[in-house]
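Colleague: You'll find run.cif just under this line, and it carries mmCIF, C-alpha atoms.
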data_work
loop_
_atom_site.label_atom_id
_atom_site.label_comp_id
_atom_site.auth_asym_id
_atom_site.auth_seq_id
_atom_site.Cartn_x
_atom_site.Cartn_y
_atom_site.Cartn_z
CA MET J 237 162.74 164.50 126.20
CA THR J 238 159.33 166.16 126.40
CA GLU J 239 159.05 169.92 126.67
CA GLN J 240 156.01 172.08 127.35
CA ALA J 241 155.01 173.97 124.19
CA LYS J 242 152.98 177.14 123.87
CA VAL J 243 149.26 176.72 123.26
CA PRO J 244 147.42 177.84 120.09
CA GLU J 245 145.23 180.89 119.70
CA ILE J 246 142.04 178.84 119.26
CA ARG J 247 141.12 175.72 121.24
CA PHE J 248 137.99 173.65 121.65
CA ALA J 249 136.07 174.18 124.88
CA GLY J 250 137.19 171.95 127.72
CA PHE J 251 140.83 171.64 126.66
CA THR J 252 143.23 173.59 128.86
CA ASP J 253 146.28 171.34 129.32
CA PRO J 254 149.58 172.57 127.87
CA TRP J 255 150.82 171.12 124.58
CA GLU J 256 153.86 168.88 124.41
CA GLN J 257 156.91 169.43 122.23
CA ARG J 258 159.22 166.62 121.17
CA LYS J 259 161.98 166.06 118.66
CA PHE J 260 160.85 164.51 115.40
CA GLY J 261 162.99 161.42 116.04
CA ASP J 262 161.28 160.87 119.39
CA CYS J 263 157.91 160.80 117.62
CA PHE J 264 158.65 158.90 114.40
CA GLU J 265 160.76 156.15 112.89
CA PHE J 266 161.62 156.22 109.21
CA LEU J 267 160.59 153.50 106.76
CA LYS J 268 162.14 152.56 103.42
CA SER J 269 160.93 154.01 100.10
CA ASN J 270 161.42 152.67 96.58
CA THR J 271 162.78 154.52 93.55
CA LEU J 272 160.17 153.53 90.96
CA SER J 273 159.33 156.14 88.33
CA ARG J 274 155.88 156.41 86.73
CA ALA J 275 157.09 153.95 84.08
CA GLY J 276 157.16 151.21 86.71
CA LEU J 277 153.57 151.83 87.76
CA ASN J 278 150.19 151.11 86.18
CA GLY J 279 146.53 151.76 86.88
CA GLU J 280 145.23 148.28 86.14
CA ASN J 281 146.62 145.51 88.34
CA GLY J 282 149.45 144.28 90.53
CA THR J 283 150.16 142.74 93.92
CA ALA J 284 151.12 146.05 95.60
CA ARG J 285 150.28 149.75 95.47
CA ASN J 286 152.59 152.76 95.43
CA VAL J 287 152.49 156.33 96.75
CA HIS J 288 154.31 158.66 94.34
CA TYR J 289 155.71 162.02 95.44
CA GLY J 290 154.05 163.84 92.55
CA ASP J 291 150.63 162.74 93.80
CA ILE J 292 151.45 163.98 97.31
CA LEU J 293 152.37 167.40 95.91
CA ILE J 294 149.49 167.81 93.48
CA LYS J 295 146.71 165.26 93.93
CA PHE J 296 146.39 164.41 97.63
CA GLY J 297 145.21 166.60 100.47
CA ASP J 298 146.42 166.46 104.06
CA CYS J 299 144.91 163.01 104.65
CA LEU J 300 144.72 160.17 102.15
CA ASP J 301 141.86 157.73 101.83
CA GLY J 302 143.69 155.06 99.85
CA GLU J 303 140.46 153.15 99.19
CA ARG J 304 139.18 156.01 97.03
CA SER J 305 142.31 157.59 95.64
CA ASP J 306 143.17 155.02 92.93
CA LEU J 307 146.76 154.53 94.08
CA PRO J 308 148.77 153.06 91.17
CA PHE J 309 149.89 149.45 91.15
CA ILE J 310 153.54 148.38 91.02
CA THR J 311 154.07 146.52 87.76
CA ASP J 312 157.02 144.37 88.89
CA ASP J 313 155.80 141.83 91.47
CA THR J 314 159.38 141.23 92.69
CA VAL J 315 159.60 144.73 94.23
CA LEU J 316 157.31 144.18 97.23
CA PRO J 317 159.41 141.55 99.09
CA LYS J 318 162.30 144.01 99.26
CA TYR J 319 160.15 146.34 101.37
CA ALA J 320 158.40 143.79 103.56
CA GLY J 321 159.36 145.73 106.69
CA SER J 322 158.08 149.04 105.29
CA ILE J 323 154.56 148.17 104.19
CA LEU J 324 152.48 151.18 105.10
CA ARG J 325 149.82 151.22 107.81
CA GLU J 326 146.99 153.57 108.70
CA GLY J 327 148.42 156.48 110.66
CA ASP J 328 151.75 156.54 108.83
CA VAL J 329 152.83 159.82 107.22
CA ILE J 330 154.71 160.35 103.96
CA PHE J 331 156.69 163.48 103.03
CA ALA J 332 157.46 164.49 99.45
CA ASP J 333 161.17 165.25 99.71
CA THR J 334 161.50 167.10 96.38
CA ALA J 335 159.61 169.88 94.60
CA GLU J 336 160.27 172.83 92.34
CA ASP J 337 159.41 175.27 95.14
CA GLU J 338 158.93 175.46 98.88
CA THR J 339 156.11 172.90 98.78
CA ALA J 340 158.92 170.37 99.29
CA GLY J 341 158.14 168.64 102.56
CA LYS J 342 154.40 168.45 101.88
CA CYS J 343 153.01 165.55 103.83
CA VAL J 344 150.07 163.16 103.69
CA GLU J 345 148.65 161.11 106.55
CA LEU J 346 147.40 157.68 105.55
CA ARG J 347 143.95 156.84 106.78
CA LYS J 348 142.18 154.04 104.92
CA LEU J 349 144.37 151.89 102.73
CA PRO J 350 143.51 149.57 99.82
CA LYS J 351 143.43 145.80 100.35
CA GLU J 352 146.76 145.41 98.51
CA PRO J 353 150.00 146.13 100.42
CA THR J 354 151.12 149.72 99.87
CA ILE J 355 154.67 151.09 99.91
CA SER J 356 156.14 154.55 99.61
CA GLY J 357 157.66 155.58 96.29
CA LEU J 358 160.18 157.77 94.56
CA HIS J 359 161.27 160.98 96.34
CA THR J 360 159.30 160.24 99.48
CA ILE J 361 160.18 159.91 103.15
CA PRO J 362 157.74 157.60 104.94
CA ALA J 363 157.58 157.74 108.72
CA ARG J 364 155.68 155.77 111.36
CA PRO J 365 154.54 157.33 114.66
CA ARG J 366 156.15 155.74 117.72
CA PHE J 367 152.93 156.29 119.70
CA PRO J 368 149.27 156.95 118.77
CA PHE J 369 148.08 160.29 117.40
CA GLY J 370 144.48 161.41 116.86
CA THR J 371 143.04 160.66 113.43
CA GLY J 372 143.83 163.48 111.00
CA TYR J 373 145.98 165.46 113.42
CA LEU J 374 149.36 164.71 111.87
CA GLY J 375 148.23 165.30 108.28
CA HIS J 376 146.96 168.76 109.10
CA TYR J 377 149.67 169.73 111.58
CA LEU J 378 152.64 168.63 109.46
CA ASN J 379 151.28 170.70 106.53
CA SER J 380 150.56 173.77 108.65
CA ASP J 381 152.78 176.84 108.64
CA ALA J 382 153.43 176.18 112.34
CA TYR J 383 155.42 173.09 111.36
CA HIS J 384 156.43 173.76 107.75
CA ARG J 385 158.22 177.01 108.58
CA GLN J 386 160.75 174.92 110.51
CA LEU J 387 161.67 173.18 107.25
CA LEU J 388 162.19 176.31 105.17
CA PRO J 389 165.74 177.15 106.40
CA LEU J 390 166.67 173.46 106.10
CA MET J 391 165.72 173.10 102.42
CA GLN J 392 168.46 172.69 99.84
CA GLY J 393 168.73 173.33 96.11
CA ILE J 394 167.94 176.12 93.66
CA LYS J 395 165.95 174.83 90.67
CA VAL J 396 164.83 171.75 92.58
CA ILE J 397 164.22 172.06 96.32
CA SER J 398 164.73 169.07 98.59
CA VAL J 399 164.20 168.10 102.21
CA SER J 400 166.28 165.37 103.82
CA LYS J 401 165.65 162.95 106.67
CA ALA J 402 168.30 164.83 108.62
CA ALA J 403 166.34 168.05 108.13
CA LEU J 404 163.19 166.41 109.46
CA GLN J 405 165.15 165.14 112.45
CA ASP J 406 166.03 168.75 113.29
CA THR J 407 162.38 169.76 113.66
CA GLN J 408 160.15 169.84 116.72
CA VAL J 409 156.67 168.28 116.80
CA ARG J 410 154.01 169.94 118.95
CA PHE J 411 150.80 168.26 120.02
CA PRO J 412 148.08 168.32 122.67
CA GLY J 413 146.43 165.35 124.38
CA LEU J 414 144.94 162.59 122.26
CA SER J 415 141.32 163.76 122.68
CA GLU J 416 142.17 167.30 121.57
CA GLN J 417 144.17 165.95 118.63
CA SER J 418 141.13 163.94 117.52
CA ALA J 419 138.85 166.98 117.85
CA ILE J 420 141.21 169.08 115.73
CA GLY J 421 141.56 166.34 113.12
CA ALA J 422 137.79 165.79 112.92
CA ALA J 423 137.05 169.50 112.46
CA LEU J 424 139.63 169.98 109.72
CA ASN J 425 138.62 166.71 108.02
CA GLU J 426 135.05 168.00 107.87
CA ILE J 427 136.21 171.20 106.18
CA ASP J 428 138.28 169.10 103.77
CA SER J 429 135.15 167.10 102.92
CA LEU J 430 133.26 170.31 102.16
CA ILE J 431 136.16 171.58 100.04
CA THR J 432 136.20 168.29 98.12
CA LEU J 433 132.41 168.46 97.61
CA HIS J 434 132.50 171.97 96.14
CA GLN J 435 135.61 171.17 94.12
CA ARG J 436 133.79 168.25 92.52
CA LYS J 437 130.72 170.36 91.80
CA TYR J 438 132.92 173.05 90.31
CA ASP J 439 134.85 170.55 88.19
CA LYS J 440 131.64 168.90 86.93
CA LEU J 441 130.17 172.27 85.94
CA VAL J 442 133.35 173.23 84.07
CA VAL J 443 133.29 169.92 82.19
CA PHE J 444 129.55 170.26 81.48
CA LYS J 445 130.02 173.78 80.13
CA LYS J 446 132.86 172.61 77.90
CA SER J 447 130.70 169.77 76.59
CA MET J 448 127.78 172.09 75.88
CA LEU J 449 130.03 174.55 74.06
CA GLU J 450 131.12 171.70 71.80
CA LYS J 451 127.54 170.57 71.17
CA MET J 452 125.71 173.91 70.88
CA PHE J 453 128.01 175.32 68.21
CA PRO J 454 128.34 173.64 64.79
CA LYS J 455 131.33 171.41 64.21
CA ASP J 456 133.62 172.25 61.30
CA GLY J 457 131.75 171.66 58.04
CA GLU J 458 128.32 171.49 59.73
CA SER J 459 125.54 174.06 59.31
CA VAL J 460 123.74 173.36 62.60
CA PRO J 461 124.90 172.25 66.08
CA GLU J 462 124.28 168.87 67.66
CA ILE J 463 122.00 170.34 70.36
CA ARG J 464 119.52 173.18 69.89
CA PHE J 465 116.73 174.73 71.92
CA ALA J 466 113.21 173.74 70.90
CA GLY J 467 111.69 175.97 68.22
CA PHE J 468 114.93 176.78 66.41
CA THR J 469 115.37 174.91 63.13
CA ASP J 470 116.89 177.37 60.65
CA PRO J 471 120.47 176.72 59.51
CA TRP J 472 123.19 178.92 60.93
CA GLU J 473 124.69 181.62 58.73
CA GLN J 474 128.31 181.55 57.60
CA ARG J 475 129.93 184.95 57.19
CA LYS J 476 133.41 186.38 57.13
CA ALA J 477 134.31 188.02 60.44
CA SER J 478 134.75 191.31 58.54
CA GLU J 479 131.07 191.18 57.54
CA VAL J 480 129.99 190.78 61.15
CA PHE J 481 132.46 192.96 63.03
CA GLN J 482 134.25 196.25 62.53
CA ILE J 483 137.51 197.45 64.02
CA VAL J 484 137.20 200.73 65.94
CA ASP J 485 139.97 203.11 66.92
CA ASP J 486 138.41 205.87 69.04
CA ARG J 487 140.98 207.89 71.01
CA GLY J 488 141.08 211.10 72.98
CA HIS J 489 139.12 210.09 76.09
CA PRO J 490 141.71 210.36 78.90
CA THR J 491 139.08 210.91 81.62
CA LEU J 492 137.59 207.44 81.17
CA PRO J 493 138.79 204.66 83.50
CA VAL J 494 141.60 202.44 82.24
CA LEU J 495 140.64 198.83 81.50
CA SER J 496 142.96 195.82 81.66
CA ALA J 497 142.59 192.62 79.63
CA THR J 498 142.37 189.29 81.47
CA GLN J 499 142.11 185.75 80.16
CA ASN J 500 139.18 184.66 82.31
CA GLN J 501 137.29 187.80 83.25
CA GLY J 502 137.50 189.77 80.02
CA MET J 503 138.08 193.50 80.40
CA ILE J 504 138.15 194.75 83.98
CA TYR J 505 138.95 198.05 85.61
CA ARG J 506 142.71 198.26 86.03
CA ASP J 507 142.28 199.34 89.66
CA ASP J 508 140.48 196.01 90.31
CA SER J 509 143.25 193.89 88.78
CA GLY J 510 145.10 193.53 92.07
CA ARG J 511 148.43 194.52 90.58
CA TYR J 512 150.19 197.81 90.03
CA ILE J 513 150.95 198.68 86.43
CA GLY J 514 153.10 201.77 86.16
CA HIS J 515 152.52 204.03 83.18
CA ASP J 516 152.62 207.68 82.15
CA GLU J 517 149.11 209.08 82.55
CA SER J 518 149.85 211.74 79.95
CA ASN J 519 149.79 208.94 77.37
CA GLU J 520 146.18 208.04 78.14
CA ILE J 521 144.92 210.48 75.54
CA GLY J 522 146.21 207.96 72.99
CA TYR J 523 144.43 205.00 74.61
CA LYS J 524 141.57 203.37 72.71
CA ARG J 525 137.99 203.72 73.87
CA VAL J 526 136.10 200.52 74.72
CA LEU J 527 132.30 200.37 74.99
CA PRO J 528 130.13 197.73 76.70
CA GLY J 529 129.76 194.81 74.29
CA ASP J 530 133.10 195.43 72.56
CA PHE J 531 135.85 192.83 72.15
CA VAL J 532 139.57 193.36 72.61
CA VAL J 533 142.41 191.43 70.99
CA HIS J 534 145.19 191.59 73.59
CA LEU J 535 148.65 190.18 74.13
CA ARG J 536 147.36 186.88 75.54
CA SER J 537 144.47 186.34 73.15
CA PHE J 538 146.30 183.41 71.59
CA GLN J 539 145.83 181.65 74.97
CA GLY J 540 142.52 182.98 76.28
CA GLY J 541 140.56 184.23 73.30
CA PHE J 542 139.17 187.72 72.83
CA ALA J 543 138.32 189.77 75.93
CA HIS J 544 134.70 190.90 76.20
CA SER J 545 133.96 194.20 77.94
CA GLN J 546 130.99 195.02 80.16
CA TYR J 547 132.37 198.48 80.81
CA GLU J 548 133.13 201.73 79.10
CA GLY J 549 136.74 202.75 79.45
CA ILE J 550 140.05 203.04 77.63
CA THR J 551 142.73 200.47 76.98
CA SER J 552 146.23 200.12 75.58
CA PRO J 553 146.79 201.47 72.07
CA ALA J 554 148.62 198.19 71.36
CA TYR J 555 145.31 196.32 71.52
CA THR J 556 142.70 195.99 68.77
CA VAL J 557 139.09 196.84 69.62
CA PHE J 558 136.18 195.59 67.53
CA ARG J 559 132.39 195.41 67.77
CA ALA J 560 129.38 194.11 65.84
CA LYS J 561 128.43 196.16 62.79
CA GLU J 562 124.75 195.55 63.51
CA PRO J 563 124.37 195.30 67.31
CA THR J 564 120.66 194.53 67.09
CA SER J 565 121.40 191.44 64.99
CA HIS J 566 124.06 190.03 67.31
CA SER J 567 124.28 189.16 70.99
CA ASP J 568 127.69 190.23 72.24
CA ARG J 569 127.37 187.68 75.06
CA PHE J 570 126.83 184.88 72.52
CA TRP J 571 130.07 185.87 70.84
CA LYS J 572 131.77 186.24 74.24
CA HIS J 573 131.22 182.56 75.02
CA TRP J 574 132.34 181.46 71.56
CA PHE J 575 135.46 183.65 71.56
CA MET J 576 136.54 182.09 74.89
CA SER J 577 135.79 178.48 73.94
CA GLU J 578 138.59 175.96 73.54
CA HIS J 579 137.51 175.19 69.98
CA PHE J 580 137.73 178.83 68.93
CA ILE J 581 141.06 179.40 70.72
CA ALA J 582 142.52 176.30 69.04
CA GLY J 583 141.40 177.70 65.69
CA LEU J 584 143.30 180.94 66.34
CA SER J 585 146.52 179.03 65.69
CA THR J 586 145.96 179.59 61.95
CA VAL J 587 146.17 183.36 62.42
CA THR J 588 148.80 183.42 65.20
CA TYR J 589 152.48 184.13 64.56
CA GLY J 590 155.66 184.12 66.62
CA ILE J 591 156.86 181.80 69.38
CA ARG J 592 156.22 181.54 73.11
CA ASP J 593 155.36 184.85 74.73
CA GLY J 594 156.13 186.69 71.49
CA ARG J 595 153.08 185.27 69.73
CA SER J 596 150.52 187.66 68.30
CA ILE J 597 147.29 187.40 66.33
CA SER J 598 146.93 188.85 62.83
CA VAL J 599 143.62 190.65 63.16
CA ASP J 600 143.46 191.21 59.40
CA GLU J 601 143.67 187.46 58.82
CA PHE J 602 141.10 186.80 61.54
CA MET J 603 138.72 189.16 59.78
CA ASN J 604 138.99 186.94 56.70
CA THR J 605 137.98 183.77 58.57
CA PHE J 606 134.41 182.49 58.52
CA LEU J 607 132.13 182.54 61.56
CA ALA J 608 128.89 180.61 62.06
CA PHE J 609 125.94 182.08 63.95
CA PRO J 610 122.15 181.68 64.26
CA ALA J 611 119.43 184.32 64.42
CA VAL J 612 119.73 186.77 67.28
CA GLU J 613 116.87 185.10 69.20
CA GLU J 614 118.76 181.80 69.27
CA GLN J 615 121.97 183.63 70.11
CA ALA J 616 120.20 185.15 73.14
CA ALA J 617 118.91 181.74 74.29
CA ILE J 618 122.38 180.21 74.01
CA SER J 619 124.03 183.10 75.85
CA ARG J 620 121.48 182.89 78.69
CA LEU J 621 122.36 179.23 79.23
CA PHE J 622 126.09 179.88 79.35
CA ASP J 623 125.65 182.98 81.51
CA TYR J 624 123.71 180.78 83.95
CA LEU J 625 126.44 178.13 83.92
CA ASP J 626 129.07 180.82 84.48
CA ASP J 627 127.11 182.10 87.49
CA LEU J 628 126.95 178.58 88.95
CA ILE J 629 130.66 178.04 88.34
CA THR J 630 131.47 181.37 89.99
CA LEU J 631 129.22 180.51 92.95
CA HIS J 632 131.00 177.22 93.64
CA GLN J 633 134.39 178.82 93.04
CA ARG J 634 133.63 181.47 95.67
CA LYS J 635 132.37 178.86 98.14
CA LEU J 636 135.51 176.86 97.48
CA GLU J 637 137.76 179.87 98.04
CA LEU J 638 135.85 180.77 101.23
CA LEU J 639 136.28 177.27 102.65
CA GLN J 640 139.96 177.24 101.71
CA ASN J 641 140.45 180.60 103.44
CA ILE J 642 138.60 179.34 106.53
CA LYS J 643 140.82 176.27 106.65
CA LYS J 644 143.98 178.36 106.23
CA SER J 645 142.90 180.63 109.05
CA LEU J 646 142.15 177.66 111.30
CA LEU J 647 145.51 176.06 110.49
CA ASP J 648 147.19 179.30 111.54
CA LYS J 649 145.25 179.55 114.79
CA MET J 650 144.71 175.94 115.92
CA PHE J 651 148.35 174.87 115.99
CA ALA J 652 150.98 176.18 118.37
#
In structure tokens, how does this file's structure come out?

Modeller:
Amino acid sequence: MTEQAKVPEIRFAGFTDPWEQRKFGDCFEFLKSNTLSRAGLNGENGTARNVHYGDILIKFGDCLDGERSDLPFITDDTVLPKYAGSILREGDVIFADTAEDETAGKCVELRKLPKEPTISGLHTIPARPRFPFGTGYLGHYLNSDAYHRQLLPLMQGIKVISVSKAALQDTQVRFPGLSEQSAIGAALNEIDSLITLHQRKYDKLVVFKKSMLEKMFPKDGESVPEIRFAGFTDPWEQRKASEVFQIVDDRGHPTLPVLSATQNQGMIYRDDSGRYIGHDESNEIGYKRVLPGDFVVHLRSFQGGFAHSQYEGITSPAYTVFRAKEPTSHSDRFWKHWFMSEHFIAGLSTVTYGIRDGRSISVDEFMNTFLAFPAVEEQAAISRLFDYLDDLITLHQRKLELLQNIKKSLLDKMFA
């Protein structure tokens, strides 16, 4: 039975007809899925491909281009004949029926498929439309809040959340005419393409920065790095951290703003952290003063390195604050990039004690470790490069977040 559904807040010009609403079972028929784990799959060869639920949850977007997604092969060639009637086609949709949270029920619409037959895998519910839908419409609609909120009260489980075929059968599917479906799908696919483009640029920059950090700082036992700027040839110095830095403990400045330590942004104003941290303001007289260019060893330094500060403020007395003994001979931004590098953080394991969230860094032992550094002019050149890369990474991250927010807003407003 077809019912008239409400219309969305935003529609393309020229579309005024009411949307339809039908039961899920009137729109789709279920296909069979296999139970192969990752162990039964490979990335090299086989006669058939497989769609795994973990990839739907983490790797794939709303629509899947199977020609480009490197779907894994099924290792056992005897599996395919058992699912001859459930070989996937373009336009089919697949739900991940299990997740650790309410992302259970995430769906992917299949667009282009590889030349090999493809079947649906472990913890998936494949479904085939009983009549044509516009390209991209189902992938975006079935992942929208407008549809997914119907599944929430039907989910089962505590540690692992699951969605059943029966639960899907209890949902309603809303859709406009085929031309409007295609227009919606095309618009959201275009935004997805832009999101993918900026995600790739972001990922490439992150990888490039990591590579340059490895090559522009000396490897263990080396006196110079693999890559240097032209004009710099002197060997890097090796000094104990205690010869380069000094611990400071300056208290009694309760009128200064409170700073919070973060793993990725260094020290930031607590009011900008986006979370409320209750504390007794009368204790702030005992907080430690932090100056621009200082470093802070905080509770998560064993994971994210030492937090660099651009600001003057005060921070928890439980933290350790240190700065260069000779500021004119050291670029704090050079040290900022090194103290947040994966190589440095991995090396902190030798001065880190405790287990899990109880781990802490022995600052005294860190001060006895050796650090390598070039002349301040080379430090400045290196820091300018990594500051520039950080700016590019931040730019693409913001563009990515903007596009994701635009898409979320459109999903909320373009579906009834």

Colleague: Starting from the point (129.4, 174.9, 92.1), work out which residues of protein, DNA or RNA have an atom no more than 7 Å away when counting all atoms listed in the file; state them as a PDB file with C-alpha atoms, in the frame of the given file.

Modeller:
ATOM      1  CA  HIS J 434     132.500 171.970  96.140  1.00  0.00           C
ATOM      2  CA  LYS J 437     130.720 170.360  91.800  1.00  0.00           C
ATOM      3  CA  TYR J 438     132.920 173.050  90.310  1.00  0.00           C
ATOM      4  CA  LEU J 441     130.170 172.270  85.940  1.00  0.00           C
ATOM      5  CA  LEU J 628     126.950 178.580  88.950  1.00  0.00           C
ATOM      6  CA  ILE J 629     130.660 178.040  88.340  1.00  0.00           C
ATOM      7  CA  LEU J 631     129.220 180.510  92.950  1.00  0.00           C
ATOM      8  CA  HIS J 632     131.000 177.220  93.640  1.00  0.00           C
ATOM      9  CA  GLN J 633     134.390 178.820  93.040  1.00  0.00           C
TER      10      GLN J 633
END

Colleague: Could you write out as a compact mmCIF listing (two decimals) with C-alpha atoms, keeping the file's coordinate frame the residues that the PyMOL selection byres ((chain J and resi 258-267) around 12) matches in the shown file?

Modeller:
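Everything below was put into selection_22.txt:
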# COMPACT_ATOMS: atom_id res chain seq x y z
CA MET J 237 162.74 164.50 126.20
CA THR J 238 159.33 166.16 126.40
CA GLU J 239 159.05 169.92 126.67
CA GLN J 240 156.01 172.08 127.35
CA ALA J 241 155.01 173.97 124.19
CA TRP J 255 150.82 171.12 124.58
CA GLU J 256 153.86 168.88 124.41
CA GLN J 257 156.91 169.43 122.23
CA LYS J 268 162.14 152.56 103.42
CA SER J 269 160.93 154.01 100.10
CA ASN J 270 161.42 152.67 96.58
CA TYR J 319 160.15 146.34 101.37
CA ALA J 320 158.40 143.79 103.56
CA GLY J 321 159.36 145.73 106.69
CA SER J 322 158.08 149.04 105.29
CA ILE J 323 154.56 148.17 104.19
CA LEU J 324 152.48 151.18 105.10
CA ARG J 325 149.82 151.22 107.81
CA GLY J 327 148.42 156.48 110.66
CA ASP J 328 151.75 156.54 108.83
CA VAL J 329 152.83 159.82 107.22
CA ILE J 330 154.71 160.35 103.96
CA PHE J 331 156.69 163.48 103.03
CA ILE J 355 154.67 151.09 99.91
CA SER J 356 156.14 154.55 99.61
CA GLY J 357 157.66 155.58 96.29
CA THR J 360 159.30 160.24 99.48
CA ILE J 361 160.18 159.91 103.15
CA PRO J 362 157.74 157.60 104.94
CA ALA J 363 157.58 157.74 108.72
CA ARG J 364 155.68 155.77 111.36
CA PRO J 365 154.54 157.33 114.66
CA ARG J 366 156.15 155.74 117.72
CA PHE J 367 152.93 156.29 119.70
CA PRO J 368 149.27 156.95 118.77
CA PHE J 369 148.08 160.29 117.40
CA LEU J 374 149.36 164.71 111.87
CA LEU J 378 152.64 168.63 109.46
CA TYR J 383 155.42 173.09 111.36
CA GLN J 386 160.75 174.92 110.51
CA LEU J 387 161.67 173.18 107.25
CA SER J 400 166.28 165.37 103.82
CA LYS J 401 165.65 162.95 106.67
CA ALA J 402 168.30 164.83 108.62
CA ALA J 403 166.34 168.05 108.13
CA LEU J 404 163.19 166.41 109.46
CA GLN J 405 165.15 165.14 112.45
CA ASP J 406 166.03 168.75 113.29
CA THR J 407 162.38 169.76 113.66
CA GLN J 408 160.15 169.84 116.72
CA VAL J 409 156.67 168.28 116.80
CA ARG J 410 154.01 169.94 118.95
CA PHE J 411 150.80 168.26 120.02
CA PRO J 412 148.08 168.32 122.67

Colleague: Env of Ala466 (chain J): 12 Å cut, atoms = all atoms listed in the file, seq-sep filter 2 positions within chain, self excluded. Answer as a PDB file with C-alpha atoms, keeping the file's coordinate frame.

Modeller:
ATOM      1  CA  ILE J 463     122.000 170.340  70.360  1.00  0.00           C
ATOM      2  CA  ARG J 464     119.520 173.180  69.890  1.00  0.00           C
ATOM      3  CA  PHE J 468     114.930 176.780  66.410  1.00  0.00           C
ATOM      4  CA  THR J 469     115.370 174.910  63.130  1.00  0.00           C
ATOM      5  CA  ASP J 470     116.890 177.370  60.650  1.00  0.00           C
ATOM      6  CA  GLU J 614     118.760 181.800  69.270  1.00  0.00           C
ATOM      7  CA  ALA J 617     118.910 181.740  74.290  1.00  0.00           C
ATOM      8  CA  ILE J 618     122.380 180.210  74.010  1.00  0.00           C
TER       9      ILE J 618
END

Colleague: Show me, as a PyMOL selection string, the residues that have an atom within 12 Å of region 640-642 of chain J when counting all atoms listed in the file, minus same-chain residues fewer than 5 positions from it.

Modeller: chain J and resi 297+423-424+426-432+434-435+633-635+647-650

Colleague: By how many Å are CA of Ala340 (chain J) and CA of Lys295 (chain J) apart?

Modeller: 14.3 Å

Colleague: Show me as a PyMOL selection string the residues that reach within 10 Å of (146.1, 181.1, 67.7), counting only C-alpha atoms and using the file's own coordinates.

Modeller: chain J and resi 536-541+580-589+595-598+602

Colleague: I'd like the residues picked by the PyMOL selection byres ((chain J and resi 305) around 10) written out as a list in words, using the chain letters and numbers from the file.

Modeller: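 Listing what the PyMOL selection byres ((chain J and resi 305) around 10) selects in the shown file: Asp291, Lys295, Phe296, Leu300, Asp301, Gly302, Glu303, Arg304, Asp306, Leu307, Pro308, Lys348, Leu349 and Pro350 of chain J.
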
Colleague: Can you work out which one of J:Val612, J:Ala284, J:Cys343, J:Leu277 has the shortest atom-to-atom distance to Asp568 (chain J), counting all atoms listed in the file?

Modeller: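 For Asp568 (chain J), the nearest of the given residues is J:Val612.
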
Colleague: Evaluate the PyMOL selection byres ((chain J and resi 500) around 9) and record the selected residues as a PDB file with C-alpha atoms, keeping the file's coordinate frame, following the chain and residue labels used in the document.

Modeller:
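Wrote it out as expr-v7.pdb, contents follow:
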ATOM      1  CA  THR J 498     142.370 189.290  81.470  1.00  0.00           C
ATOM      2  CA  GLN J 499     142.110 185.750  80.160  1.00  0.00           C
ATOM      3  CA  GLN J 501     137.290 187.800  83.250  1.00  0.00           C
ATOM      4  CA  GLY J 502     137.500 189.770  80.020  1.00  0.00           C
ATOM      5  CA  GLY J 540     142.520 182.980  76.280  1.00  0.00           C
ATOM      6  CA  ALA J 543     138.320 189.770  75.930  1.00  0.00           C
ATOM      7  CA  MET J 576     136.540 182.090  74.890  1.00  0.00           C
TER       8      MET J 576
END

Colleague: Can you pull out every residue within 12 Å of Leu495 (chain J), counting only C-alpha atoms, but drop anything in the same chain fewer than 6 positions away, and send it as a PyMOL selection string?

Modeller: chain J and resi 501-509+513+520+523-528+532+534+543-553+555

Colleague: Which distance in Å separates CA of Val344 (chain J) and CA of Asn286 (chain J), to one decimal?

Modeller: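 CA of Asn286 (chain J) lies at a distance of 13.5 Å from CA of Val344 (chain J).
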
Colleague: Measuring between all atoms listed in the file, which one of J:Thr271, J:Gly372, J:Arg475, J:Lys644 shows the shortest distance to Ser415 (chain J)?

Modeller: J:Gly372

Colleague: What is the distance, in Å and to one decimal place, between CA of Leu346 (chain J) and CA of Val287 (chain J)?

Modeller: 10.3 Å

Colleague: For Ser645 (chain J), work out the shell of residues within 12 Å, counting all atoms listed in the file and skipping chain neighbours fewer than 6 positions away, then give it as a list in words.

Modeller: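 In the requested form, the answer reads Glu245, Ile246, Ser380, Asp381, Ala382, Leu424, Ile427, Leu638, Leu639 and Phe651 of chain J.
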
Colleague: So, with all atoms listed in the file as the atoms that count, which of J:Ser418, J:Thr334, J:Asn379, J:Ser447 lies closest to Lys395 (chain J)?

Modeller: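 Under the stated criterion, the closest residue is J:Thr334.
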
Colleague: Nearest to Lys342 (chain J): which of J:Leu293, J:Val460, J:Ala419, J:Ile397 is it, counting only C-alpha atoms?

Modeller: J:Leu293

Colleague: Which residue out of J:Leu625, J:Glu416, J:Thr339, J:Glu473 has the minimum interatomic distance to Val243 (chain J) when only C-alpha atoms are used?

Modeller: J:Glu416
